[in-house]
Amino acid sequence: MPPSSKPNGQRAADLVRDAATHDVAEVLQRLNASPNGLKEEEAAERLEVFGPNEVAQEKKRGWLWRLWVAVRNPLVILLAVIATVTFATAGGTSDYIGGCVMILMILLAVLLRLVQETRADNAAAKLKAMIKVTATVVRDGQAREIPLQLLVPGDIVRLSAGDMIPGDVRLLSAKDLFIIQATLTGESLPVEKSDAPDPRPNIQPIEHSNLCFLGTSVESGSATAVIVATGPQTYFGKMASTLATQQVETAFDRGVRRFVWLMISFMAVMAPAVFLINGFTKHSWGKDTFLFALVIAVGLTPEMLPMIVSVCLSKGAIAMSKKKVIVKRLNSIQNFGAMNVLCTDKTGTLTIDHVILEIHCDVFKNESEEVLRDAFLISHFQTGLKNVLDRAVLKYTELHRELSVEKYNKVDEIPFDFSRRMMSVAVQGPNGERQLLTKGAPEAVFARCTEFESDGEIFPMEPILVGNLIEQVNSLSEDGFRVLAVATKKLGEQNTFTKADECDLCLTGYLAFLDPPKDTAAKAIEALRQHGVAVKVLTGDNDLVTRKVCNEVGIHADRVVLGNDVERMSDEELADVIDRVDVYARLSPAHKKRVVQALQKKKHVVGFMGDGINDAPALRAADVGISVDNAVDIAKESADMILLEKNLMVLEEGVIEGRKIFANIMKYIRMGASSNFGNMFSMLGASAWFPFLPMQPIQILTNNLLYDFSQVPIPTDNVGEQYTAKPRPWHMGELTKFILFIGPISSIFDYTTFCFMWFYFRCNHLGLAPSPDLAARFAHTNGDPNQTYAAALFNTAWFVESLMTQTLIIHVIRTSLVPFIQSRASWQLTMTTLVIMGISAVLPFSPLAAPLGFVPLPWQFWPILAGTLVCYLALTQLIKVWLVRKGWI
């Protein structure tokens, strides 16, 4: 494949198939590659041709796209329509001024959303860029770690357990390689791969035994491979191109969608009803009545909701990053706050993740340098993923010199996998003698041993002695040690070995590691418990060590369910015990996934925290997958959030931030839903009662725009402890009760305002006349000037009362406590409230009054308005407290 030409999709697929059928030398020749890898200059050239190694993901939208989204907002569209109609039918200067005001409103609405969402998107992109997945690539003959995005066809990559396959690759060499292909095939069992040519015709590329594909991962074994296709040209890339924008819908997403449809149903009822009522009662079917019905629909539109949600999520993600939690998928934040069960591994989460090799002994717990030597050689020569236990052994650096490790040669390796729970290396010592050195879980190694060594003597593994050996291991485990068994076997002259050779071993002793609990673990678990999050431990470790650690950190471990128990249980039986048991040990990856799914069936919102290969299935199954920055590639890729520090205290702080975000979004939703529900009653009653429009279309739009401005700082608002004390999943029932009880309160005070304006201020036209300075303005209107003035006075009064009550009431709705006294809003929200209320008071006296159809309000109106506001706040507070005590909100 010449590096100067980029293949189309079909040609790329053909290249992958051809690579499967030819031998290694021919494949490398076709790709213009070599076993020593590409030169950096070649790689740079190919990167220019093929582009970055990225499949179709959620596209980063530019400012033009965001501008288009802002412009197609229903409010903006309707404002543009009304402005156009106003200009087209203008009968005087005031009409032109009104049209210009609407254009100004359009510009403000569009620019506000554009700026806020651009800032939110940029902040989220910066956070996502902090998470890197790398691959081991050979360039210029040297192995190095580089980001996956920089890989190109022809690159030589090295694979080991836990790695993601970084592209569509042809294996050059492989050792006991097993690949998890569930993302592509749905097959849960790993598939063995080899490097031999596979000339089988008429089979799917995924079925070839020497090909591995982007999106899959290495469960066990090791390999070297050459990349044949990258990015969108890969098998996974072609599938992902149609799925990239499809996201898993969370409970929050479903709730917001239901809320939007609720508002749409309000609009569908209100707009025609208001048009018909005004038409029949006022015998007016003209432009003003039609536009009035339209703007009623716009007034019910939660047009700020997308901006409020995106800004809340991005600001929350930034706040969480300061708490060392990086959010990969923004829509997972709400689930994080709603999480009421956290499943976590033991190592590094409850313990310090600094494993110390405390004991190296023979089978009778006598110190043994031979066992330490064998363990060191195993850890030194293995090519797979070196875990914390390997690193603890390799800290004995003086052994490297004493053993003269360079005099030992590695012959072969049988990598670790989770079914055997052991691994082996074949080495040749300075005297030419070959040995198979094995380490693994004691029960797994015991099953492969026929004899054991003590003080240089060999004894057969009699059944009666096996019980004694298990007791020795259990006594170490009960003291909190993680125990591995070490065994050996003399070998002949062969050079390759398989799992079948792990037999007839001689048990030589044990390694005992200590990973003590973190000082902060018990405190963090108690803090999570106080915030309504139960912690359950899901580990592959043995039950004795797990029980001791859990008891020390305050997790109930009276009963421990083992992987074998999970295997035997039906889904119903597992669901029956899932709430009663907090500790699960000796679990396989499939067991962890089943436990998570059983919790979800019991209506829990489940978070799973893991960093290993065996955690990936559970991370994907959980409502919130949480990993750490130093996790294996497949764990980081499967997670929704990445912790920069593996610490439950960090997680607890992140949970609180997630709940704050949800609380702020819900403030806008509750406010919008209850206000719109109340406005329905007010608009219907006013339309039927009065012989004029209760508010002009331009006034409704102005009211709506100013109110929306007052809600912009909601993402900055303070959230009280009462909202973060427990999980807050989305409950449509709670929102419905809030709407039904809080919404009509606004209508009560709208109607008191109507009564004052109609009877006290004589907007019923009985003797009401404009002041001399306003008489000229209404002298040339169609119809009775007094009637027109009365309508304008009524419109102005309701505009001011409606805007002030809506803007002020957010301070009651935002908290379950007493507003202004026990709980105060952020300074940004307080300032916008004061500014918008000030604007509403000034507008009737400003130069904009005439274009907007306002008239100055009499001084008697202001004390009445003040009383209305106080009574409205007090009644809403009383109803809110009653709802809180009922547990309905």
# chains A, B, ... in the order shown; residues from 1 in each chain; ligands from 1
>>> residues_around(residues="A:Val138", least_positions_apart="2", cutoff="6 Å", atoms="only C-alpha atoms", output="count of residues only")
5
>>> residues_around(residues="A:Leu511", least_positions_apart="5", cutoff="6 Å", atoms="only C-alpha atoms", output="ChimeraX atom specification")
/A:359-360,483-484
>>> write_last_selection(atoms="C-alpha atoms", output="short mmCIF file (atom, residue, chain, number, x, y, z; two decimals), in the first residue's frame")
data_model
loop_
_atom_site.label_atom_id
_atom_site.label_comp_id
_atom_site.auth_asym_id
_atom_site.auth_seq_id
_atom_site.Cartn_x
_atom_site.Cartn_y
_atom_site.Cartn_z
CA ILE A 359 7.08 -12.66 53.50
CA HIS A 360 8.79 -15.08 51.11
CA VAL A 483 -0.77 -14.79 49.03
CA LEU A 484 0.68 -16.17 45.81
#
>>> residues_around(residues="A:Leu377", least_positions_apart="6", cutoff="12 Å", atoms="only C-alpha atoms", output="ChimeraX atom specification")
/A:370-371,383,390,393-394,396-397,399-400,403-410,413,424-429,435-439,486,488
>>> write_last_selection(atoms="N, CA and C atoms", output="mmCIF file, in the first residue's frame")
data_model
loop_
_atom_site.group_PDB
_atom_site.id
_atom_site.type_symbol
_atom_site.label_atom_id
_atom_site.label_comp_id
_atom_site.auth_asym_id
_atom_site.auth_seq_id
_atom_site.Cartn_x
_atom_site.Cartn_y
_atom_site.Cartn_z
ATOM 1 N N GLU A 370 15.174 -18.985 47.976
ATOM 2 C CA GLU A 370 14.934 -19.619 46.673
ATOM 3 C C GLU A 370 13.573 -19.196 46.106
ATOM 4 N N VAL A 371 12.582 -19.114 46.980
ATOM 5 C CA VAL A 371 11.255 -18.678 46.526
ATOM 6 C C VAL A 371 11.320 -17.239 46.021
ATOM 7 N N THR A 383 6.314 -10.533 30.043
ATOM 8 C CA THR A 383 6.112 -9.389 29.138
ATOM 9 C C THR A 383 4.711 -8.808 29.267
ATOM 10 N N ASP A 390 3.898 -7.657 41.084
ATOM 11 C CA ASP A 390 5.167 -7.767 40.362
ATOM 12 C C ASP A 390 6.101 -6.630 40.738
ATOM 13 N N VAL A 393 7.785 -7.186 44.037
ATOM 14 C CA VAL A 393 8.891 -8.165 43.973
ATOM 15 C C VAL A 393 10.121 -7.517 43.349
ATOM 16 N N LEU A 394 9.912 -6.744 42.270
ATOM 17 C CA LEU A 394 11.041 -6.156 41.546
ATOM 18 C C LEU A 394 11.736 -5.048 42.331
ATOM 19 N N TYR A 396 13.172 -5.505 44.997
ATOM 20 C CA TYR A 396 14.373 -6.134 45.546
ATOM 21 C C TYR A 396 15.493 -6.039 44.502
ATOM 22 N N THR A 397 15.915 -4.815 44.242
ATOM 23 C CA THR A 397 16.881 -4.576 43.163
ATOM 24 C C THR A 397 18.228 -5.244 43.415
ATOM 25 N N LEU A 399 18.693 -8.137 44.287
ATOM 26 C CA LEU A 399 18.654 -9.485 43.717
ATOM 27 C C LEU A 399 19.121 -9.492 42.272
ATOM 28 N N HIS A 400 18.846 -8.388 41.565
ATOM 29 C CA HIS A 400 19.246 -8.301 40.162
ATOM 30 C C HIS A 400 20.752 -8.495 40.034
ATOM 31 N N LEU A 403 21.814 -12.213 41.531
ATOM 32 C CA LEU A 403 21.473 -13.320 40.636
ATOM 33 C C LEU A 403 22.225 -13.258 39.319
ATOM 34 N N SER A 404 22.785 -12.058 39.012
ATOM 35 C CA SER A 404 23.358 -11.842 37.673
ATOM 36 C C SER A 404 22.303 -12.212 36.627
ATOM 37 N N VAL A 405 21.193 -11.494 36.677
ATOM 38 C CA VAL A 405 20.036 -11.820 35.841
ATOM 39 C C VAL A 405 20.409 -11.913 34.369
ATOM 40 N N GLU A 406 21.418 -11.119 33.983
ATOM 41 C CA GLU A 406 21.802 -11.168 32.569
ATOM 42 C C GLU A 406 22.316 -12.537 32.147
ATOM 43 N N LYS A 407 22.667 -13.406 33.135
ATOM 44 C CA LYS A 407 23.133 -14.761 32.806
ATOM 45 C C LYS A 407 21.964 -15.719 32.599
ATOM 46 N N TYR A 408 20.753 -15.273 32.921
ATOM 47 C CA TYR A 408 19.562 -16.090 32.689
ATOM 48 C C TYR A 408 18.949 -15.684 31.355
ATOM 49 N N ASN A 409 18.462 -16.646 30.642
ATOM 50 C CA ASN A 409 17.799 -16.394 29.363
ATOM 51 C C ASN A 409 16.346 -16.860 29.433
ATOM 52 N N LYS A 410 15.497 -16.030 28.927
ATOM 53 C CA LYS A 410 14.089 -16.422 28.853
ATOM 54 C C LYS A 410 13.892 -17.295 27.614
ATOM 55 N N GLU A 413 7.188 -18.038 27.485
ATOM 56 C CA GLU A 413 6.296 -17.508 28.507
ATOM 57 C C GLU A 413 4.885 -18.019 28.268
ATOM 58 N N SER A 424 3.414 -18.385 33.855
ATOM 59 C CA SER A 424 4.697 -19.075 33.952
ATOM 60 C C SER A 424 5.693 -18.507 32.963
ATOM 61 N N VAL A 425 6.980 -18.618 33.311
ATOM 62 C CA VAL A 425 8.049 -18.331 32.355
ATOM 63 C C VAL A 425 9.031 -19.504 32.369
ATOM 64 N N ALA A 426 9.534 -19.807 31.208
ATOM 65 C CA ALA A 426 10.572 -20.839 31.091
ATOM 66 C C ALA A 426 11.915 -20.127 30.966
ATOM 67 N N VAL A 427 12.847 -20.457 31.833
ATOM 68 C CA VAL A 427 14.157 -19.793 31.831
ATOM 69 C C VAL A 427 15.272 -20.833 31.778
ATOM 70 N N GLN A 428 16.394 -20.370 31.251
ATOM 71 C CA GLN A 428 17.601 -21.193 31.229
ATOM 72 C C GLN A 428 18.649 -20.504 32.089
ATOM 73 N N GLY A 429 19.154 -21.240 33.117
ATOM 74 C CA GLY A 429 20.090 -20.660 34.065
ATOM 75 C C GLY A 429 21.518 -20.684 33.555
ATOM 76 N N GLN A 435 14.144 -24.421 33.480
ATOM 77 C CA GLN A 435 13.083 -24.581 34.461
ATOM 78 C C GLN A 435 11.834 -23.813 34.038
ATOM 79 N N LEU A 436 10.683 -24.353 34.408
ATOM 80 C CA LEU A 436 9.431 -23.613 34.288
ATOM 81 C C LEU A 436 9.119 -23.039 35.670
ATOM 82 N N LEU A 437 9.051 -21.732 35.759
ATOM 83 C CA LEU A 437 8.763 -21.044 37.016
ATOM 84 C C LEU A 437 7.329 -20.514 36.950
ATOM 85 N N THR A 438 6.525 -20.888 37.949
ATOM 86 C CA THR A 438 5.095 -20.559 37.940
ATOM 87 C C THR A 438 4.710 -19.828 39.218
ATOM 88 N N LYS A 439 3.830 -18.832 39.074
ATOM 89 C CA LYS A 439 3.248 -18.185 40.251
ATOM 90 C C LYS A 439 1.768 -17.959 39.966
ATOM 91 N N VAL A 486 4.256 -20.254 44.609
ATOM 92 C CA VAL A 486 5.331 -20.366 43.618
ATOM 93 C C VAL A 486 5.666 -21.846 43.443
ATOM 94 N N THR A 488 7.808 -24.867 40.641
ATOM 95 C CA THR A 488 8.812 -25.026 39.583
ATOM 96 C C THR A 488 8.658 -26.402 38.925
#
>>> residues_around(residues="A:Asn551", least_positions_apart="2", cutoff="12 Å", atoms="only C-alpha atoms", output="ChimeraX atom specification")
/A:350,478,480,517,521-522,525,537,543-549,553-560,582-583
>>> atom_distance(atom1="atom CA of A:Ser379", atom2="atom CA of A:Ala485")
13.5 Å
>>> residues_around(residues="A:Asn664", least_positions_apart="4", cutoff="12 Å", atoms="only C-alpha atoms", output="VMD selection string")
chain A and resid 305 308 to 313 315 to 316 334 657 to 660 668 to 671 711 to 720 723 to 724 728 810 813 to 815 825 to 826 829
>>> write_last_selection(atoms="N, CA, C and O atoms", output="compact mmCIF listing (two decimals), in the first residue's frame")
# COMPACT_ATOMS: atom_id res chain seq x y z
N LEU A 305 -33.66 26.08 28.25
CA LEU A 305 -33.30 24.82 28.87
C LEU A 305 -32.01 24.22 28.29
O LEU A 305 -31.14 23.80 29.05
N ILE A 308 -29.15 26.23 29.72
CA ILE A 308 -29.00 26.02 31.16
C ILE A 308 -28.37 24.66 31.43
O ILE A 308 -27.45 24.52 32.25
N VAL A 309 -28.85 23.62 30.73
CA VAL A 309 -28.32 22.27 30.94
C VAL A 309 -26.85 22.19 30.54
O VAL A 309 -26.01 21.70 31.30
N SER A 310 -26.52 22.70 29.34
CA SER A 310 -25.13 22.59 28.88
C SER A 310 -24.18 23.41 29.75
O SER A 310 -23.07 22.95 30.07
N VAL A 311 -24.60 24.60 30.17
CA VAL A 311 -23.73 25.41 31.03
C VAL A 311 -23.59 24.77 32.41
O VAL A 311 -22.50 24.73 32.97
N CYS A 312 -24.70 24.27 32.96
CA CYS A 312 -24.62 23.59 34.27
C CYS A 312 -23.67 22.40 34.20
O CYS A 312 -22.83 22.20 35.09
N LEU A 313 -23.80 21.59 33.15
CA LEU A 313 -22.95 20.40 33.03
C LEU A 313 -21.49 20.77 32.85
O LEU A 313 -20.60 20.18 33.46
N LYS A 315 -19.97 23.67 33.64
CA LYS A 315 -19.45 24.29 34.86
C LYS A 315 -19.24 23.23 35.94
O LYS A 315 -18.27 23.27 36.70
N GLY A 316 -20.17 22.27 35.99
CA GLY A 316 -20.01 21.18 36.95
C GLY A 316 -18.80 20.34 36.63
O GLY A 316 -18.06 19.90 37.54
N GLN A 334 -25.41 13.58 35.92
CA GLN A 334 -26.62 13.46 36.72
C GLN A 334 -26.71 12.08 37.36
O GLN A 334 -27.08 11.95 38.52
N GLU A 657 -20.74 17.32 43.90
CA GLU A 657 -20.78 18.23 42.75
C GLU A 657 -21.84 17.80 41.75
O GLU A 657 -22.56 18.63 41.19
N GLY A 658 -21.95 16.49 41.52
CA GLY A 658 -22.98 15.99 40.60
C GLY A 658 -24.38 16.35 41.07
O GLY A 658 -25.25 16.70 40.27
N ARG A 659 -24.60 16.28 42.38
CA ARG A 659 -25.92 16.61 42.92
C ARG A 659 -26.19 18.11 42.83
O ARG A 659 -27.33 18.53 42.65
N LYS A 660 -25.16 18.92 42.98
CA LYS A 660 -25.33 20.37 42.84
C LYS A 660 -25.76 20.71 41.41
O LYS A 660 -26.64 21.56 41.20
N TYR A 668 -34.39 25.50 37.27
CA TYR A 668 -34.96 26.10 36.05
C TYR A 668 -36.19 25.33 35.60
O TYR A 668 -37.21 25.92 35.20
N ILE A 669 -36.11 23.99 35.64
CA ILE A 669 -37.24 23.18 35.18
C ILE A 669 -38.46 23.41 36.07
O ILE A 669 -39.59 23.59 35.58
N ARG A 670 -38.26 23.38 37.39
CA ARG A 670 -39.38 23.62 38.30
C ARG A 670 -39.97 25.01 38.10
O ARG A 670 -41.19 25.21 38.08
N MET A 671 -39.06 25.98 37.97
CA MET A 671 -39.51 27.35 37.80
C MET A 671 -40.32 27.50 36.50
O MET A 671 -41.43 28.06 36.49
N GLN A 711 -32.64 34.16 34.47
CA GLN A 711 -32.35 32.75 34.79
C GLN A 711 -30.95 32.31 34.36
O GLN A 711 -30.49 31.23 34.75
N VAL A 712 -30.27 33.13 33.57
CA VAL A 712 -28.95 32.74 33.05
C VAL A 712 -27.95 32.38 34.15
O VAL A 712 -27.18 31.42 34.01
N PRO A 713 -27.93 33.09 35.31
CA PRO A 713 -26.92 32.74 36.33
C PRO A 713 -27.27 31.52 37.18
O PRO A 713 -26.54 31.23 38.13
N ILE A 714 -28.36 30.82 36.88
CA ILE A 714 -28.72 29.65 37.70
C ILE A 714 -27.56 28.66 37.84
O ILE A 714 -27.34 28.12 38.93
N PRO A 715 -26.77 28.39 36.77
CA PRO A 715 -25.66 27.45 36.96
C PRO A 715 -24.65 27.89 38.02
O PRO A 715 -23.88 27.05 38.52
N THR A 716 -24.63 29.17 38.36
CA THR A 716 -23.66 29.65 39.36
C THR A 716 -24.24 29.61 40.77
O THR A 716 -23.54 29.94 41.73
N ASP A 717 -25.49 29.22 40.92
CA ASP A 717 -26.17 29.37 42.21
C ASP A 717 -25.62 28.41 43.25
O ASP A 717 -25.11 27.32 42.93
N ASN A 718 -25.75 28.83 44.50
CA ASN A 718 -25.36 27.98 45.63
C ASN A 718 -26.40 26.88 45.82
O ASN A 718 -27.58 27.08 45.55
N VAL A 719 -25.94 25.73 46.27
CA VAL A 719 -26.83 24.61 46.53
C VAL A 719 -26.66 24.20 47.99
O VAL A 719 -25.54 23.93 48.43
N GLY A 720 -27.74 24.16 48.74
CA GLY A 720 -27.68 23.84 50.16
C GLY A 720 -27.40 22.37 50.41
O GLY A 720 -27.60 21.51 49.55
N TYR A 723 -29.91 19.52 49.69
CA TYR A 723 -30.06 18.98 48.34
C TYR A 723 -28.95 18.01 47.98
O TYR A 723 -29.08 17.25 47.02
N THR A 724 -27.84 18.03 48.70
CA THR A 724 -26.73 17.13 48.39
C THR A 724 -26.61 16.00 49.40
O THR A 724 -25.72 15.17 49.29
N ARG A 728 -30.42 12.12 44.27
CA ARG A 728 -31.60 12.81 43.73
C ARG A 728 -31.86 12.34 42.30
O ARG A 728 -31.56 13.05 41.35
N ILE A 810 -37.96 32.71 42.05
CA ILE A 810 -36.87 31.74 41.95
C ILE A 810 -36.13 31.62 43.28
O ILE A 810 -35.61 30.55 43.63
N ILE A 813 -38.14 29.07 45.25
CA ILE A 813 -38.12 27.74 44.64
C ILE A 813 -36.73 27.10 44.73
O ILE A 813 -36.60 25.88 44.83
N ARG A 814 -35.68 27.89 44.74
CA ARG A 814 -34.31 27.36 44.68
C ARG A 814 -33.87 26.64 45.94
O ARG A 814 -32.84 25.98 45.96
N THR A 815 -34.60 26.74 47.04
CA THR A 815 -34.18 26.14 48.30
C THR A 815 -35.39 25.62 49.06
O THR A 815 -36.52 26.11 48.89
N ALA A 825 -29.09 33.12 47.53
CA ALA A 825 -28.63 32.79 46.17
C ALA A 825 -27.23 33.33 45.94
O ALA A 825 -26.72 34.15 46.71
N SER A 826 -26.61 32.86 44.86
CA SER A 826 -25.30 33.39 44.48
C SER A 826 -25.43 34.87 44.15
O SER A 826 -26.52 35.35 43.80
N LEU A 829 -26.93 35.51 40.66
CA LEU A 829 -28.38 35.36 40.53
C LEU A 829 -29.11 36.51 41.24
O LEU A 829 -30.11 37.03 40.75
>>> residues_around(residues="stretch 457-472 of chain A", least_positions_apart="4", cutoff="9 Å", atoms="only C-alpha atoms", output="count of residues only")
15
>>> closest_atom_pairs(of="stretch 713-819 of chain A", to="stretch 859-872 of chain A", cutoff="7 Å", atoms="only C-alpha atoms", output="tab-separated table")
residue	atom	partner	partner_atom	distance
A:Phe749	CA	A:Thr868	CA	6.6
A:Glu801	CA	A:Leu865	CA	6.7
A:Thr805	CA	A:Leu869	CA	6.3
>>> atom_distance(atom1="atom CA of A:Ser627", atom2="atom CA of A:Asp611")
5.4 Å
>>> residues_around(residues="A:Trp798", least_positions_apart="6", cutoff="9 Å", atoms="only C-alpha atoms", output="ChimeraX atom specification")
/A:694-695,750,753-754,757
>>> write_last_selection(atoms="N, CA and C atoms", output="tab-separated table (two decimals), in the first residue's frame")
chain	number	residue	atom	x	y	z
A	694	PRO	N	-55.00	41.02	27.10
A	694	PRO	CA	-54.44	41.30	28.43
A	694	PRO	C	-52.98	41.73	28.38
A	695	MET	N	-52.28	41.39	27.32
A	695	MET	CA	-50.90	41.86	27.13
A	695	MET	C	-50.61	41.80	25.64
A	750	ASP	N	-52.07	36.94	40.00
A	750	ASP	CA	-52.40	37.58	38.73
A	750	ASP	C	-53.84	38.10	38.78
A	753	THR	N	-54.28	41.16	40.85
A	753	THR	CA	-53.84	42.32	40.06
A	753	THR	C	-54.91	42.72	39.05
A	754	PHE	N	-55.52	41.72	38.38
A	754	PHE	CA	-56.59	42.01	37.44
A	754	PHE	C	-57.72	42.79	38.13
A	757	MET	N	-56.75	46.40	38.90
A	757	MET	CA	-56.69	47.22	37.70
A	757	MET	C	-58.09	47.47	37.13
